[in-house]
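Colleague: Below are the structure tokens for one structure; questions will follow.
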Amino acid sequence: MANSTSADDVKRDAAAAAQEARGDLNEGARKVREDVRDTVNNLSENSGVDRLAQRGAEIANDAVETGRDYAGRARETGQEYADRARLEAERLYGAGQQKAHEAAIYAEERYDEVSEMVRRNPAQSLGIAAGVGFLVGLLIARR
């Protein structure tokens with residue numbers, strides 16, 4: 001399990017992706033702030049309403065495109081983490097099945113050993129069973 005992707009690794013990767021997206025959003029917000037500042041400066045210089053409208057449309061288009069980029073990147077990252085989680089779950093399920101199979105084999109071997117011991121020593125086995133039954137009865141009666 002040390003060489004496979006763990007839930008902590010997936011969480012760390014998700015946090016790093018979120019941090020990167022946060023940085024990208026901050027950078028986008030900074031650019032929009034600068035564009036608005038430039039637009040205000042152009043307005044104060046009487047550059048005209050048409051130029052202002054055009055610049056506003058450019059800013060809006062850039063914002064829409066940036067939003068689409070972030071959404072696409074978030075979708076891809078989410079799919080990547082979902083795939084990783086699915087693969088890890090499949091690996092753990094396989095390992096669990098293997099352990100269950102090994103436990104079944106072990107239990108069957110121990111059952112065979114106990115059966116053989118009971119066949120060899122029936123009186124001793126009957127005495128042990130009676131003693132265990134008596135102790136269980138005492139424990140249950142105390143409740």
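Order determines the names: the first chain of the structure tokens is A, the second B, and so forth; residues in each chain are numbered 1 upward, and ligands are numbered 1 upward as they are shown.
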So that I can check the surroundings of region 91-96 of chain A, please list as a PyMOL selection string every protein, DNA and RNA residue that reaches within 12 Å of it, counting only C-alpha atoms and ignoring chain neighbours fewer than 3 positions away.
Modeller: chain A and resi 1+4-7+84-88+99-103
Colleague: Counting only C-alpha atoms, figure out which residue out of A:Leu126, A:Met117, A:Leu135, A:Leu25 gets nearest to Ala71 (chain A).
Modeller: A:Leu25
Colleague: In terms of the shortest atom-to-atom distance over only C-alpha atoms, which of A:Lys11, A:Arg120, A:Arg55, A:Arg22 is closest to Ala74 (chain A)?
Modeller: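 Closest candidate: A:Arg22.
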Colleague: When distances are computed from only C-alpha atoms, which of A:Val32, A:Gly133, A:Ile140, A:Arg51 shows the smallest separation from Val64 (chain A)?
Modeller: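 For Val64 (chain A), the nearest of the candidates is A:Val32.
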Colleague: By how many Å are CA of Gly56 (chain A) and CA of Arg33 (chain A) apart?
Modeller: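 Result for CA of Gly56 (chain A) versus CA of Arg33 (chain A): 12.1 Å, one decimal.
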Colleague: What is the distance, in Å and to one decimal place, between CA of Ala16 (chain A) and CA of Glu65 (chain A)?
Modeller: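 Calculated distance between CA of Ala16 (chain A) and CA of Glu65 (chain A) is 22.8 Å.
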Colleague: Report, in Å with one decimal, the straight-line distance from CA of Ala130 (chain A) to CA of Val118 (chain A).
Modeller: 13.6 Å
Colleague: For Arg30 (chain A), which residue among A:Ala57, A:Ala63, A:Leu139, A:Ala17 is the nearest when counting only C-alpha atoms?
Modeller: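 For Arg30 (chain A), the nearest of the candidates is A:Ala63.
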Colleague: Looking at only C-alpha atoms, which of A:Arg75, A:Val40, A:Gly67, A:Tyr81 is the one that sits closest to Ala15 (chain A)?
Modeller: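 Of A:Arg75, A:Val40, A:Gly67, A:Tyr81, the one nearest Ala15 (chain A), counting only C-alpha atoms, is A:Tyr81.
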